[in-house]
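Visitor: Okay, handing you the structure first.
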Amino acid sequence: MKVVLFCGGAGMRLRGYIDDVPKPMVQIGTRPILWHLMKYYAHFGHKDFILCLGYKGNSIKDYFLHYDESVSNNFVWSRGGKNVHFLNRDIDDWTITFVETGANANIGERLKAVEPYLQGEDMFLANYSDGLSDVPLPAMLETFRQSNAVAALLLVQPTASFDIVHAGPEGMVREICALSRSDIWINGGFFVMRNEIFRYVQPGEELVREPFQRLIQQQALLTYKCSGFWQCMDTFKDKQALEDLNQSKAPWKVWDCVARSSSDHSTVLAASI
């Protein structure tokens, strides 16, 4: 299944803390958040990507055109560097289509711009490319397949450290509770869509405004609640939170969880022999 990644954001709230790059190219450890997201999808077998480029799209093209696989893979170096044998690979089985979708286009316009590259696809995945999660993608897809919905979006609980204040008509506070502990759910930026979605998107429209409102009226917009990890990267504080997790146990690295599980299993077998 193809994966549409919206990569045109400038990351204005991160300015002054990072290099002047598109938001999806902001580094988490040694790789940009875009790479982490693509690794997540590739882990579940979705390795055909369409990148909707916008602000400084050339920096994304250059990154992959000059991709350095040694940064995140073990390798054997010999003969003074004439031979480099990688012990594991990153992206050699990925297919990436780079599409310029406009410097100032909104998400709906970017999606419409890549419609020709989704011809013949009954369903496809899409993502804002500014957040990471460990949501079980196969379960989300199966829920969507069994529905008659045209689109589905991931619901997550906000991670911002704000308080919700409930007050009575007289202005006296009745309750204060953390936003993260409320029953408020927001759009997590992970989508599944049927090709039919393009019938609902008109020129200039923002995806979650007019098109999704039309789907709501027809009861064709599904939600899937994430009970696990989710973290966006809107601010420098968000970036630091992801950096800290990356240094310890990054929940979104589902590919590492499998590798660790296999390694642990091999250790147990070796010990029992």
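Residues in the structure tokens are named by chain (A, B, ... in the order shown) and by number from 1 within that chain; ligands are numbered from 1 in the order shown.
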Give the strand (DSSP E) residues of range 19-232 of chain A, as DSSP finds them on the backbone, and put them as a VMD selection string.
Guide: chain A and resid 27 to 28 31 to 32 48 to 53 75 to 78 83 to 86 95 to 100 123 to 127 131 to 133 151 to 156 163 to 167 173 to 178 186 to 194 221 to 225 230 to 232
Visitor: Show which residues sit within 9 Å of Val135 in chain A, as a PyMOL selection string. Count only C-alpha atoms, and ignore same-chain residues fewer than 4 positions away.
Guide: chain A and resi 139-140+154+225-230+252
Visitor: Identify, on the basis of only C-alpha atoms, every residue whose closest approach to range 173-178 of chain A does not exceed 6 Å; exclude the query and any residue fewer than 4 positions from it along the same chain; express the result as number ranges by chain.
Guide: A: 163-167
Visitor: Report as JSON lines the residues of range 105-140 of chain A within 10 Å of range 78-101 of chain A, each with its shortest atom pair and distance in Å (one decimal), using only C-alpha atoms, ordered by chain and increasing residue number.
Guide:
{"residue": "A:Ala105", "atom": "CA", "partner": "A:Thr101", "partner_atom": "CA", "distance": 6.9}
{"residue": "A:Asn106", "atom": "CA", "partner": "A:Thr101", "partner_atom": "CA", "distance": 9.3}
{"residue": "A:Ile107", "atom": "CA", "partner": "A:Thr101", "partner_atom": "CA", "distance": 9.6}
{"residue": "A:Glu109", "atom": "CA", "partner": "A:Thr101", "partner_atom": "CA", "distance": 7.6}
{"residue": "A:Arg110", "atom": "CA", "partner": "A:Thr101", "partner_atom": "CA", "distance": 5.3}
{"residue": "A:Leu111", "atom": "CA", "partner": "A:Thr101", "partner_atom": "CA", "distance": 8.4}
{"residue": "A:Lys112", "atom": "CA", "partner": "A:Thr101", "partner_atom": "CA", "distance": 8.9}
{"residue": "A:Ala113", "atom": "CA", "partner": "A:Thr101", "partner_atom": "CA", "distance": 6.0}
{"residue": "A:Val114", "atom": "CA", "partner": "A:Val99", "partner_atom": "CA", "distance": 7.2}
{"residue": "A:Tyr117", "atom": "CA", "partner": "A:Thr97", "partner_atom": "CA", "distance": 8.6}
Visitor: Might you pull out every residue within 12 Å of range 245-250 of chain A, with only C-alpha atoms counted and same-chain residues fewer than 4 positions away left off, and present them as a PyMOL selection string?
Guide: chain A and resi 27-33+36+40+132-134+229-231+238-241+254-257+260
Visitor: Could you save those same residues with C-alpha atoms as an mmCIF file, in the first residue's frame?
Guide:
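Result file part_37.cif:
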data_model
loop_
_atom_site.group_PDB
_atom_site.id
_atom_site.type_symbol
_atom_site.label_atom_id
_atom_site.label_comp_id
_atom_site.auth_asym_id
_atom_site.auth_seq_id
_atom_site.Cartn_x
_atom_site.Cartn_y
_atom_site.Cartn_z
ATOM 1 C CA GLN A 27 16.818 15.505 13.319
ATOM 2 C CA ILE A 28 15.889 12.968 15.986
ATOM 3 C CA GLY A 29 19.225 11.425 16.859
ATOM 4 C CA THR A 30 21.169 10.816 13.650
ATOM 5 C CA ARG A 31 18.156 10.734 11.318
ATOM 6 C CA PRO A 32 15.319 13.171 10.479
ATOM 7 C CA ILE A 33 11.837 12.519 11.835
ATOM 8 C CA HIS A 36 11.807 7.440 11.529
ATOM 9 C CA TYR A 40 7.704 2.676 10.905
ATOM 10 C CA LEU A 132 5.608 9.466 15.787
ATOM 11 C CA SER A 133 3.570 6.627 17.277
ATOM 12 C CA ASP A 134 3.618 2.911 18.018
ATOM 13 C CA PHE A 229 2.540 6.163 22.418
ATOM 14 C CA TRP A 230 2.117 9.288 20.303
ATOM 15 C CA GLN A 231 4.177 12.466 20.229
ATOM 16 C CA ASP A 238 8.586 18.337 21.719
ATOM 17 C CA LYS A 239 11.836 17.772 19.819
ATOM 18 C CA GLN A 240 13.755 17.414 23.071
ATOM 19 C CA ALA A 241 11.205 14.916 24.386
ATOM 20 C CA VAL A 254 8.715 -0.988 16.324
ATOM 21 C CA TRP A 255 11.414 -2.401 14.037
ATOM 22 C CA ASP A 256 13.889 -2.408 16.938
ATOM 23 C CA CYS A 257 11.378 -4.127 19.213
ATOM 24 C CA ARG A 260 15.427 -7.109 20.345
#
Visitor: Go ahead and compute the interatomic distance for CA of Ser59 in chain A and CA of Gly9 in chain A, in Å to one decimal.
Guide: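 Between these atoms lies a distance of 12.6 Å.
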Visitor: Measuring atom to atom with only C-alpha atoms, identify which of A:Tyr200, A:Tyr224, A:Phe191, A:Trp77 is nearest to Lys2 in chain A.
Guide: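 Comparing A:Tyr200, A:Tyr224, A:Phe191, A:Trp77 against Lys2 in chain A, the winner is A:Phe191.
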Visitor: What's around Glu206 in chain A at 7 Å? Count only C-alpha atoms, leave out sequence neighbours fewer than 2 positions away in its own chain, and write the answer as a ChimeraX atom specification.
Guide: /A:106-108,204,208-210
Visitor: Just list the residues in range 153-249 of chain A DSSP gives helix (DSSP H, G or I) on the backbone, as an MDAnalysis selection string.
Guide: chainID A and resid 179:181 195:199 210:217 236:247
Visitor: Go ahead and compute the interatomic distance for CA of Val150 in chain A and CA of Ile50 in chain A, in Å to one decimal.
Guide: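 It comes out at 19.8 Å.
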Visitor: From the options A:Arg145, A:Gln202, A:Leu207, A:Ala126, which residue's atoms come nearest to Leu222 in chain A, counting only C-alpha atoms?
Guide: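 Result for the nearest residue to Leu222 in chain A: A:Arg145.
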Visitor: What is the CA of Leu215 in chain A-CA of Ala152 in chain A distance in Å, reported with one decimal?
Guide: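 These two atoms are separated by 10.2 Å.
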